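Structure file work_30.pdb (PDB, C-alpha atoms, pLDDT in the B column) follows.
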```pdb
ATOM      1  CA  MET A   1     -12.709 -52.815 -32.538  1.00 56.00           C
ATOM      2  CA  GLU A   2     -16.371 -52.183 -33.315  1.00 53.00           C
ATOM      3  CA  THR A   3     -17.293 -52.716 -29.669  1.00 61.00           C
ATOM      4  CA  ASN A   4     -14.709 -50.143 -28.539  1.00 60.00           C
ATOM      5  CA  LYS A   5     -16.066 -47.690 -31.111  1.00 58.00           C
ATOM      6  CA  LYS A   6     -19.608 -48.100 -29.773  1.00 58.00           C
ATOM      7  CA  ARG A   7     -18.365 -47.651 -26.228  1.00 64.00           C
ATOM      8  CA  GLY A   8     -16.524 -44.501 -27.258  1.00 64.00           C
ATOM      9  CA  ILE A   9     -19.639 -43.045 -28.878  1.00 65.00           C
ATOM     10  CA  SER A  10     -21.765 -43.951 -25.862  1.00 65.00           C
ATOM     11  CA  PHE A  11     -19.192 -42.374 -23.533  1.00 70.00           C
ATOM     12  CA  LEU A  12     -19.113 -39.200 -25.642  1.00 73.00           C
ATOM     13  CA  PHE A  13     -22.885 -38.842 -25.604  1.00 65.00           C
ATOM     14  CA  HIS A  14     -22.953 -39.643 -21.891  1.00 69.00           C
ATOM     15  CA  LYS A  15     -20.541 -36.792 -21.169  1.00 73.00           C
ATOM     16  CA  LEU A  16     -22.478 -34.507 -23.498  1.00 70.00           C
ATOM     17  CA  GLY A  17     -25.661 -35.401 -21.657  1.00 68.00           C
ATOM     18  CA  GLN A  18     -24.062 -34.659 -18.298  1.00 75.00           C
ATOM     19  CA  GLY A  19     -22.964 -31.245 -19.541  1.00 76.00           C
ATOM     20  CA  VAL A  20     -26.447 -30.423 -20.857  1.00 73.00           C
ATOM     21  CA  GLU A  21     -28.005 -31.650 -17.596  1.00 77.00           C
ATOM     22  CA  LEU A  22     -25.696 -29.415 -15.545  1.00 82.00           C
ATOM     23  CA  PHE A  23     -26.527 -26.442 -17.760  1.00 78.00           C
ATOM     24  CA  GLU A  24     -30.266 -27.072 -17.437  1.00 80.00           C
ATOM     25  CA  SER A  25     -30.080 -27.534 -13.668  1.00 81.00           C
ATOM     26  CA  VAL A  26     -28.158 -24.288 -13.156  1.00 84.00           C
ATOM     27  CA  ILE A  27     -30.418 -22.246 -15.447  1.00 82.00           C
ATOM     28  CA  LEU A  28     -33.669 -23.623 -14.013  1.00 84.00           C
ATOM     29  CA  SER A  29     -32.566 -23.294 -10.386  1.00 86.00           C
ATOM     30  CA  ILE A  30     -31.286 -19.729 -10.747  1.00 87.00           C
ATOM     31  CA  SER A  31     -34.287 -18.621 -12.826  1.00 86.00           C
ATOM     32  CA  VAL A  32     -36.926 -20.008 -10.465  1.00 87.00           C
ATOM     33  CA  LEU A  33     -35.167 -18.640  -7.379  1.00 89.00           C
ATOM     34  CA  ALA A  34     -34.559 -15.227  -8.926  1.00 87.00           C
ATOM     35  CA  MET A  35     -38.095 -14.885 -10.297  1.00 87.00           C
ATOM     36  CA  ALA A  36     -39.655 -15.860  -6.960  1.00 87.00           C
ATOM     37  CA  SER A  37     -37.393 -13.415  -5.106  1.00 88.00           C
ATOM     38  CA  LEU A  38     -38.214 -10.580  -7.489  1.00 86.00           C
ATOM     39  CA  VAL A  39     -41.967 -11.159  -7.268  1.00 86.00           C
ATOM     40  CA  ILE A  40     -41.891 -11.295  -3.452  1.00 87.00           C
ATOM     41  CA  ALA A  41     -39.712  -8.184  -3.265  1.00 86.00           C
ATOM     42  CA  ASN A  42     -42.039  -6.333  -5.625  1.00 84.00           C
ATOM     43  CA  VAL A  43     -45.072  -7.253  -3.480  1.00 85.00           C
ATOM     44  CA  PHE A  44     -43.424  -5.745  -0.401  1.00 85.00           C
ATOM     45  CA  ALA A  45     -42.240  -2.702  -2.361  1.00 83.00           C
ATOM     46  CA  ARG A  46     -45.687  -2.100  -3.830  1.00 80.00           C
ATOM     47  CA  THR A  47     -47.302  -2.466  -0.398  1.00 81.00           C
ATOM     48  CA  PHE A  48     -45.035  -0.088   1.503  1.00 80.00           C
ATOM     49  CA  PHE A  49     -43.455   2.109  -1.187  1.00 78.00           C
ATOM     50  CA  SER A  50     -43.973   1.756  -4.945  1.00 76.00           C
ATOM     51  CA  SER A  51     -43.565  -0.998  -7.512  1.00 76.00           C
ATOM     52  CA  ILE A  52     -40.102  -1.797  -8.830  1.00 77.00           C
ATOM     53  CA  HIS A  53     -40.292  -0.702 -12.445  1.00 78.00           C
ATOM     54  CA  PHE A  54     -37.935  -3.307 -13.933  1.00 80.00           C
ATOM     55  CA  VAL A  55     -39.408  -6.405 -12.234  1.00 82.00           C
ATOM     56  CA  GLU A  56     -41.805  -7.094 -15.107  1.00 83.00           C
ATOM     57  CA  GLU A  57     -38.970  -7.179 -17.630  1.00 83.00           C
ATOM     58  CA  LEU A  58     -36.787  -9.467 -15.522  1.00 85.00           C
ATOM     59  CA  THR A  59     -39.744 -11.720 -14.806  1.00 87.00           C
ATOM     60  CA  GLU A  60     -40.311 -12.001 -18.560  1.00 85.00           C
ATOM     61  CA  LEU A  61     -36.637 -12.897 -19.003  1.00 86.00           C
ATOM     62  CA  PHE A  62     -36.743 -15.642 -16.368  1.00 88.00           C
ATOM     63  CA  THR A  63     -40.016 -16.985 -17.769  1.00 89.00           C
ATOM     64  CA  ILE A  64     -38.377 -17.366 -21.173  1.00 88.00           C
ATOM     65  CA  LEU A  65     -35.361 -19.050 -19.558  1.00 87.00           C
ATOM     66  CA  ILE A  66     -37.517 -21.531 -17.635  1.00 88.00           C
ATOM     67  CA  THR A  67     -39.757 -22.290 -20.621  1.00 88.00           C
ATOM     68  CA  PHE A  68     -37.111 -23.020 -23.234  1.00 88.00           C
ATOM     69  CA  THR A  69     -34.674 -24.679 -20.863  1.00 85.00           C
ATOM     70  CA  GLY A  70     -37.597 -26.847 -19.760  1.00 85.00           C
ATOM     71  CA  VAL A  71     -38.056 -28.034 -23.356  1.00 86.00           C
ATOM     72  CA  SER A  72     -34.749 -29.882 -23.217  1.00 83.00           C
ATOM     73  CA  TYR A  73     -35.442 -31.118 -19.684  1.00 82.00           C
ATOM     74  CA  ALA A  74     -38.841 -32.510 -20.726  1.00 83.00           C
ATOM     75  CA  VAL A  75     -37.302 -34.438 -23.619  1.00 83.00           C
ATOM     76  CA  ARG A  76     -34.463 -35.797 -21.458  1.00 80.00           C
ATOM     77  CA  LYS A  77     -36.870 -37.021 -18.769  1.00 78.00           C
ATOM     78  CA  ALA A  78     -39.654 -38.085 -21.214  1.00 75.00           C
ATOM     79  CA  ARG A  79     -42.035 -35.613 -19.565  1.00 73.00           C
ATOM     80  CA  HIS A  80     -43.233 -34.120 -22.836  1.00 68.00           C
ATOM     81  CA  ILE A  81     -46.798 -34.595 -24.064  1.00 67.00           C
ATOM     82  CA  ARG A  82     -47.165 -37.714 -26.196  1.00 66.00           C
ATOM     83  CA  MET A  83     -49.806 -40.164 -27.402  1.00 64.00           C
ATOM     84  CA  GLY A  84     -48.846 -43.369 -25.614  1.00 66.00           C
ATOM     85  CA  ALA A  85     -51.970 -45.550 -25.976  1.00 68.00           C
ATOM     86  CA  PHE A  86     -51.144 -46.957 -29.434  1.00 73.00           C
ATOM     87  CA  PHE A  87     -47.421 -47.055 -28.672  1.00 72.00           C
ATOM     88  CA  ASP A  88     -47.873 -49.076 -25.475  1.00 71.00           C
ATOM     89  CA  ALA A  89     -50.230 -51.527 -27.203  1.00 76.00           C
ATOM     90  CA  ALA A  90     -47.851 -52.128 -30.129  1.00 77.00           C
ATOM     91  CA  PRO A  91     -45.481 -55.121 -30.264  1.00 82.00           C
ATOM     92  CA  PHE A  92     -41.846 -54.693 -29.289  1.00 79.00           C
ATOM     93  CA  LYS A  93     -40.502 -54.408 -32.866  1.00 83.00           C
ATOM     94  CA  ILE A  94     -43.149 -51.834 -33.791  1.00 82.00           C
ATOM     95  CA  GLN A  95     -42.300 -49.824 -30.662  1.00 81.00           C
ATOM     96  CA  LYS A  96     -38.634 -49.869 -31.625  1.00 85.00           C
ATOM     97  CA  ILE A  97     -39.414 -48.612 -35.127  1.00 85.00           C
ATOM     98  CA  MET A  98     -41.848 -45.990 -33.809  1.00 86.00           C
ATOM     99  CA  ILE A  99     -39.383 -44.565 -31.301  1.00 85.00           C
ATOM    100  CA  PHE A 100     -36.799 -44.137 -34.066  1.00 89.00           C
ATOM    101  CA  VAL A 101     -39.304 -42.382 -36.345  1.00 88.00           C
ATOM    102  CA  ILE A 102     -40.563 -40.168 -33.503  1.00 87.00           C
ATOM    103  CA  CYS A 103     -37.059 -39.175 -32.425  1.00 88.00           C
ATOM    104  CA  VAL A 104     -35.866 -38.448 -35.968  1.00 91.00           C
ATOM    105  CA  ILE A 105     -38.873 -36.272 -36.829  1.00 91.00           C
ATOM    106  CA  SER A 106     -38.875 -34.513 -33.456  1.00 90.00           C
ATOM    107  CA  GLY A 107     -35.108 -33.943 -33.598  1.00 91.00           C
ATOM    108  CA  VAL A 108     -35.366 -32.403 -37.081  1.00 94.00           C
ATOM    109  CA  VAL A 109     -38.187 -30.140 -35.881  1.00 93.00           C
ATOM    110  CA  MET A 110     -36.158 -29.039 -32.853  1.00 93.00           C
ATOM    111  CA  PHE A 111     -33.112 -28.184 -34.972  1.00 95.00           C
ATOM    112  CA  LEU A 112     -35.311 -26.293 -37.462  1.00 95.00           C
ATOM    113  CA  MET A 113     -36.901 -24.337 -34.619  1.00 94.00           C
ATOM    114  CA  ALA A 114     -33.417 -23.590 -33.275  1.00 94.00           C
ATOM    115  CA  THR A 115     -32.430 -22.237 -36.700  1.00 94.00           C
ATOM    116  CA  TYR A 116     -35.542 -20.043 -36.971  1.00 94.00           C
ATOM    117  CA  ALA A 117     -35.118 -18.838 -33.386  1.00 93.00           C
ATOM    118  CA  TYR A 118     -31.498 -17.915 -34.059  1.00 93.00           C
ATOM    119  CA  GLY A 119     -32.586 -15.959 -37.142  1.00 92.00           C
ATOM    120  CA  TYR A 120     -35.209 -14.095 -35.119  1.00 91.00           C
ATOM    121  CA  MET A 121     -32.649 -13.335 -32.411  1.00 91.00           C
ATOM    122  CA  SER A 122     -30.174 -12.063 -35.008  1.00 91.00           C
ATOM    123  CA  GLN A 123     -32.856  -9.846 -36.535  1.00 90.00           C
ATOM    124  CA  ALA A 124     -33.693  -8.389 -33.106  1.00 86.00           C
ATOM    125  CA  ARG A 125     -29.984  -7.725 -32.593  1.00 88.00           C
ATOM    126  CA  MET A 126     -29.577  -5.943 -35.914  1.00 90.00           C
ATOM    127  CA  THR A 127     -32.602  -3.716 -35.346  1.00 88.00           C
ATOM    128  CA  GLY A 128     -31.200  -2.600 -31.979  1.00 84.00           C
ATOM    129  CA  GLN A 129     -34.458  -3.140 -30.108  1.00 84.00           C
ATOM    130  CA  VAL A 130     -34.170  -2.467 -26.354  1.00 85.00           C
ATOM    131  CA  THR A 131     -36.416  -3.061 -23.345  1.00 82.00           C
ATOM    132  CA  PRO A 132     -38.481  -0.110 -22.038  1.00 81.00           C
ATOM    133  CA  SER A 133     -37.236   0.100 -18.444  1.00 78.00           C
ATOM    134  CA  LEU A 134     -33.693  -1.246 -18.257  1.00 81.00           C
ATOM    135  CA  ARG A 135     -32.855  -0.322 -21.853  1.00 83.00           C
ATOM    136  CA  LEU A 136     -31.217  -3.706 -22.329  1.00 83.00           C
ATOM    137  CA  PRO A 137     -30.814  -5.172 -25.828  1.00 87.00           C
ATOM    138  CA  TYR A 138     -33.891  -7.332 -26.392  1.00 86.00           C
ATOM    139  CA  TRP A 139     -31.912 -10.023 -28.216  1.00 88.00           C
ATOM    140  CA  ILE A 140     -30.272 -10.963 -24.888  1.00 86.00           C
ATOM    141  CA  PHE A 141     -33.684 -12.178 -23.703  1.00 85.00           C
ATOM    142  CA  LEU A 142     -33.878 -14.451 -26.759  1.00 88.00           C
ATOM    143  CA  ILE A 143     -30.494 -16.186 -26.499  1.00 89.00           C
ATOM    144  CA  ILE A 144     -31.920 -19.146 -24.591  1.00 88.00           C
ATOM    145  CA  VAL A 145     -34.580 -19.861 -27.254  1.00 91.00           C
ATOM    146  CA  PRO A 146     -32.283 -21.357 -29.944  1.00 92.00           C
ATOM    147  CA  ILE A 147     -30.135 -22.948 -27.223  1.00 89.00           C
ATOM    148  CA  GLY A 148     -33.180 -24.645 -25.695  1.00 89.00           C
ATOM    149  CA  PHE A 149     -34.393 -26.023 -29.026  1.00 91.00           C
ATOM    150  CA  PHE A 150     -30.882 -27.156 -29.946  1.00 91.00           C
ATOM    151  CA  SER A 151     -30.477 -28.928 -26.590  1.00 86.00           C
ATOM    152  CA  ALA A 152     -33.817 -30.685 -27.124  1.00 88.00           C
ATOM    153  CA  GLY A 153     -32.584 -31.862 -30.521  1.00 89.00           C
ATOM    154  CA  ILE A 154     -29.460 -33.255 -28.877  1.00 86.00           C
ATOM    155  CA  GLN A 155     -31.634 -35.173 -26.420  1.00 85.00           C
ATOM    156  CA  TYR A 156     -33.501 -36.796 -29.313  1.00 89.00           C
ATOM    157  CA  ILE A 157     -30.176 -37.793 -30.872  1.00 88.00           C
ATOM    158  CA  ARG A 158     -29.114 -39.282 -27.532  1.00 84.00           C
ATOM    159  CA  THR A 159     -32.395 -41.214 -27.438  1.00 85.00           C
ATOM    160  CA  ILE A 160     -31.659 -42.653 -30.891  1.00 86.00           C
ATOM    161  CA  VAL A 161     -28.157 -43.670 -29.812  1.00 85.00           C
ATOM    162  CA  LYS A 162     -29.547 -45.186 -26.609  1.00 83.00           C
ATOM    163  CA  ASN A 163     -32.031 -47.296 -28.564  1.00 85.00           C
ATOM    164  CA  ILE A 164     -29.281 -48.430 -30.937  1.00 85.00           C
ATOM    165  CA  SER A 165     -26.931 -49.467 -28.145  1.00 81.00           C
ATOM    166  CA  GLU A 166     -29.628 -51.027 -25.928  1.00 80.00           C
ATOM    167  CA  ARG A 167     -32.069 -53.791 -26.801  1.00 80.00           C
ATOM    168  CA  GLU A 168     -34.915 -52.294 -24.757  1.00 80.00           C
ATOM    169  CA  VAL A 169     -37.109 -49.435 -25.929  1.00 80.00           C
ATOM    170  CA  TRP A 170     -36.067 -46.116 -24.371  1.00 79.00           C
ATOM    171  CA  LEU A 171     -38.458 -43.168 -24.457  1.00 79.00           C
ATOM    172  CA  SER A 172     -35.581 -40.803 -23.684  1.00 77.00           C
ATOM    173  CA  PRO A 173     -31.878 -41.085 -22.844  1.00 75.00           C
ATOM    174  CA  GLU A 174     -32.767 -41.538 -19.168  1.00 74.00           C
ATOM    175  CA  GLN A 175     -36.302 -42.941 -19.225  1.00 74.00           C
ATOM    176  CA  GLN A 176     -37.082 -46.448 -20.352  1.00 71.00           C
ATOM    177  CA  GLY A 177     -40.768 -46.763 -19.436  1.00 62.00           C
ATOM    178  CA  ASP A 178     -43.628 -44.530 -18.394  1.00 54.00           C
ATOM    179  CA  TYR A 179     -42.601 -42.512 -15.381  1.00 50.00           C
ATOM    180  CA  GLU A 180     -46.140 -42.816 -14.000  1.00 49.00           C
ATOM    181  CA  LEU A 181     -45.791 -46.594 -13.892  1.00 50.00           C
ATOM    182  CA  GLU A 182     -42.370 -46.304 -12.300  1.00 53.00           C
ATOM    183  CA  GLU A 183     -43.738 -44.007  -9.609  1.00 52.00           C
ATOM    184  CA  LEU A 184     -46.615 -46.404  -8.932  1.00 50.00           C
ATOM    185  CA  GLN A 185     -44.176 -49.299  -8.756  1.00 54.00           C
ATOM    186  CA  GLN A 186     -42.008 -47.337  -6.333  1.00 58.00           C
ATOM    187  CA  MET A 187     -45.031 -46.588  -4.163  1.00 58.00           C
ATOM    188  CA  ALA A 188     -46.042 -50.252  -4.254  1.00 56.00           C
ATOM    189  CA  ASP A 189     -42.528 -51.272  -3.210  1.00 60.00           C
ATOM    190  CA  GLU A 190     -42.555 -48.774  -0.348  1.00 61.00           C
ATOM    191  CA  TYR A 191     -45.952 -49.920   0.896  1.00 63.00           C
ATOM    192  CA  GLY A 192     -44.824 -53.514   0.472  1.00 61.00           C
ATOM    193  CA  GLU A 193     -41.879 -52.874   2.759  1.00 61.00           C
ATOM    194  CA  VAL A 194     -44.176 -51.249   5.323  1.00 59.00           C
ATOM    195  CA  ALA A 195     -46.565 -54.205   5.143  1.00 57.00           C
ATOM    196  CA  GLU A 196     -43.668 -56.614   5.584  1.00 64.00           C
ATOM    197  CA  GLU A 197     -42.441 -54.704   8.634  1.00 65.00           C
ATOM    198  CA  LEU A 198     -45.947 -54.722  10.146  1.00 61.00           C
ATOM    199  CA  SER A 199     -46.233 -58.444   9.494  1.00 62.00           C
ATOM    200  CA  ASP A 200     -42.899 -59.070  11.226  1.00 65.00           C
ATOM    201  CA  GLU A 201     -43.975 -56.961  14.199  1.00 65.00           C
ATOM    202  CA  LEU A 202     -47.283 -58.842  14.388  1.00 58.00           C
ATOM    203  CA  GLN A 203     -45.508 -62.189  14.296  1.00 63.00           C
ATOM    204  CA  GLU A 204     -43.122 -61.023  17.006  1.00 69.00           C
ATOM    205  CA  GLN A 205     -46.030 -59.793  19.101  1.00 62.00           C
ATOM    206  CA  LYS A 206     -47.849 -63.117  18.756  1.00 55.00           C
ATOM    207  CA  LYS A 207     -44.699 -64.978  19.693  1.00 59.00           C
ATOM    208  CA  THR A 208     -44.258 -62.796  22.783  1.00 60.00           C
ATOM    209  CA  GLU A 209     -47.891 -63.307  23.821  1.00 53.00           C
ATOM    210  CA  LYS A 210     -47.520 -67.069  23.374  1.00 51.00           C
ATOM    211  CA  ASP A 211     -44.382 -67.113  25.528  1.00 53.00           C
ATOM    212  CA  VAL A 212     -46.184 -65.122  28.252  1.00 47.00           C
ATOM    213  CA  SER A 213     -49.156 -67.479  28.081  1.00 54.00           C
ATOM    214  CA  ASP A 214     -46.897 -70.512  28.388  1.00 54.00           C
ATOM    215  CA  GLU A 215     -45.186 -68.959  31.391  1.00 57.00           C
ATOM    216  CA  ASN A 216     -48.553 -68.328  33.052  1.00 55.00           C
ATOM    217  CA  LYS A 217     -49.632 -71.940  32.517  1.00 56.00           C
ATOM    218  CA  LYS A 218     -46.623 -73.292  34.327  1.00 55.00           C
ATOM    219  CA  PRO A 219     -47.398 -74.354  37.965  1.00 52.00           C
TER
END
```

Transcribe the structure of this file into structure tokens.
Amino acid sequence: METNKKRGISFLFHKLGQGVELFESVILSISVLAMASLVIANVFARTFFSSIHFVEELTELFTILITFTGVSYAVRKARHIRMGAFFDAAPFKIQKIMIFVICVISGVVMFLMATYAYGYMSQARMTGQVTPSLRLPYWIFLIIVPIGFFSAGIQYIRTIVKNISEREVWLSPEQQGDYELEELQQMADEYGEVAEELSDELQEQKKTEKDVSDENKKP
């Protein structure tokens, strides 16, 4: 019964994580593509005609989207800035305790920031502040800020659940060890495969040369 309950919780958080990941991917992809397109279009317009007056506002909007959506992405992939020297040198049990403390404190901070950001957005909405060029409500630009902080808090909760359900130490819901070490290991594996292929080719070449030499020695 208890095992089924744990599996149900893990499945729920897995689906929640997939939904957050899809949201982040869509927002980041659209924002980067749109911002790049707007900047390029404005360069051509400024060169041949005149600058597009609303590009600066939209660029600001997409910058905010990328920044605060990236907060959740960084936590999910363990790409955020952290002090890893003491953590990596600590014993396994200390690492397990530290990751729980780090995730709890960071999660609380993220949810507090989400609350403050929502209050700021609500205040901007009540004051009726609008952008200079497009005359859009400014609070629309701020919607992603509380959402980004809240999503980051969810990622810290997922990390806690992951460390409860798994024996190993997980830095994030999807990252167990340092991604730098994993990349180096991947590179080493790739070069190892190349070296193995070259060794096989060399052995085959030597075997072929030996066969040719034996044929030449025959009367």

- Excluding same-chain residues fewer than 3 positions from region 159-173 of chain A, what lies within 6 Å of it counting all atoms listed in the file, as a PyMOL selection string? chain A and resi 76+78+96+156+176

May I have a table of the residues of region 42-80 of chain A lying at most 12 Å from region 124-137 of chain A, giving each one's closest pair of atoms and their distance in Å to one decimal, counting only C-alpha atoms, ordered by chain and ascending residue number, as a tab-separated table?
```
residue	atom	partner	partner_atom	distance
A:Ile52	CA	A:Ser133	CA	10.2
A:His53	CA	A:Ser133	CA	6.8
A:Phe54	CA	A:Ser133	CA	5.7
A:Val55	CA	A:Ser133	CA	9.3
A:Glu56	CA	A:Ser133	CA	9.2
A:Glu57	CA	A:Thr131	CA	7.5
A:Leu58	CA	A:Leu134	CA	9.2
A:Glu60	CA	A:Thr131	CA	10.9
A:Leu61	CA	A:Thr131	CA	10.8
```

Go ahead and write the residues just picked, C-alpha atoms, as a PDB file, in the coordinates of the input.
```
ATOM      1  CA  ILE A  52     -40.102  -1.797  -8.830  1.00 77.00           C
ATOM      2  CA  HIS A  53     -40.292  -0.702 -12.445  1.00 78.00           C
ATOM      3  CA  PHE A  54     -37.935  -3.307 -13.933  1.00 80.00           C
ATOM      4  CA  VAL A  55     -39.408  -6.405 -12.234  1.00 82.00           C
ATOM      5  CA  GLU A  56     -41.805  -7.094 -15.107  1.00 83.00           C
ATOM      6  CA  GLU A  57     -38.970  -7.179 -17.630  1.00 83.00           C
ATOM      7  CA  LEU A  58     -36.787  -9.467 -15.522  1.00 85.00           C
ATOM      8  CA  GLU A  60     -40.311 -12.001 -18.560  1.00 85.00           C
ATOM      9  CA  LEU A  61     -36.637 -12.897 -19.003  1.00 86.00           C
TER      10      LEU A  61
END
```

Could you write out as JSON the box around region 51-60 of chain A (axis-aligned, all atoms listed in the file, 5 Å on each side), with centre and edge lengths in Å to one decimal?
```
{"center_x": -40.2, "center_y": -6.4, "center_z": -13.0, "size_x": 16.8, "size_y": 21.3, "size_z": 21.0}
```

- Separation of CA of Cys103 (chain A) and CA of Ser29 (chain A), in Å? 27.5 Å

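Of note, CA of Val43 (chain A) and CA of Val26 (chain A) are spaced 25.9 Å apart.
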
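Closest approach to Val108 (chain A) from the set A:Thr59, A:Ser37, A:Gln175, A:Gln155 is made by A:Gln155, with distances taken over only C-alpha atoms.
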
- Query: So how far away is CA of Glu174 (chain A) from CA of Pro91 (chain A), in Å?
  - Reply: 21.7 Å

Mind telling me what the PyMOL selection byres ((chain A and resi 62) around 9) catches here, as a PDB file with C-alpha atoms, keeping the file's coordinate frame?
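Output file selection.pdb is given in full below:
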```pdb
ATOM      1  CA  LEU A  28     -33.669 -23.623 -14.013  1.00 84.00           C
ATOM      2  CA  ILE A  30     -31.286 -19.729 -10.747  1.00 87.00           C
ATOM      3  CA  SER A  31     -34.287 -18.621 -12.826  1.00 86.00           C
ATOM      4  CA  VAL A  32     -36.926 -20.008 -10.465  1.00 87.00           C
ATOM      5  CA  ALA A  34     -34.559 -15.227  -8.926  1.00 87.00           C
ATOM      6  CA  MET A  35     -38.095 -14.885 -10.297  1.00 87.00           C
ATOM      7  CA  GLU A  57     -38.970  -7.179 -17.630  1.00 83.00           C
ATOM      8  CA  LEU A  58     -36.787  -9.467 -15.522  1.00 85.00           C
ATOM      9  CA  THR A  59     -39.744 -11.720 -14.806  1.00 87.00           C
ATOM     10  CA  GLU A  60     -40.311 -12.001 -18.560  1.00 85.00           C
ATOM     11  CA  LEU A  61     -36.637 -12.897 -19.003  1.00 86.00           C
ATOM     12  CA  THR A  63     -40.016 -16.985 -17.769  1.00 89.00           C
ATOM     13  CA  ILE A  64     -38.377 -17.366 -21.173  1.00 88.00           C
ATOM     14  CA  LEU A  65     -35.361 -19.050 -19.558  1.00 87.00           C
ATOM     15  CA  ILE A  66     -37.517 -21.531 -17.635  1.00 88.00           C
ATOM     16  CA  THR A  67     -39.757 -22.290 -20.621  1.00 88.00           C
ATOM     17  CA  PHE A 141     -33.684 -12.178 -23.703  1.00 85.00           C
TER      18      PHE A 141
END
```

- So which residues get picked by the PyMOL selection byres ((chain A and resi 117) around 9) here, written as an NGL selection string? :A and (112-116 or 118-122 or 142-143 or 145-147 or 149)

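Restricting the calculation to only C-alpha atoms, the smallest distance between Val71 (chain A) and any of A:Phe150, A:Phe100, A:Phe44, A:Phe92 is found for A:Phe150.
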
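Closest approach to Val20 (chain A) among A:Ala74, A:Leu33, A:Met98, A:Ile154 is made by A:Ile154 (distances from only C-alpha atoms).
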
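Across A:Leu16, A:Val39, A:Phe48, A:Gly153, the tightest approach to Ile105 (chain A) is made by A:Gly153 when counting all atoms listed in the file.
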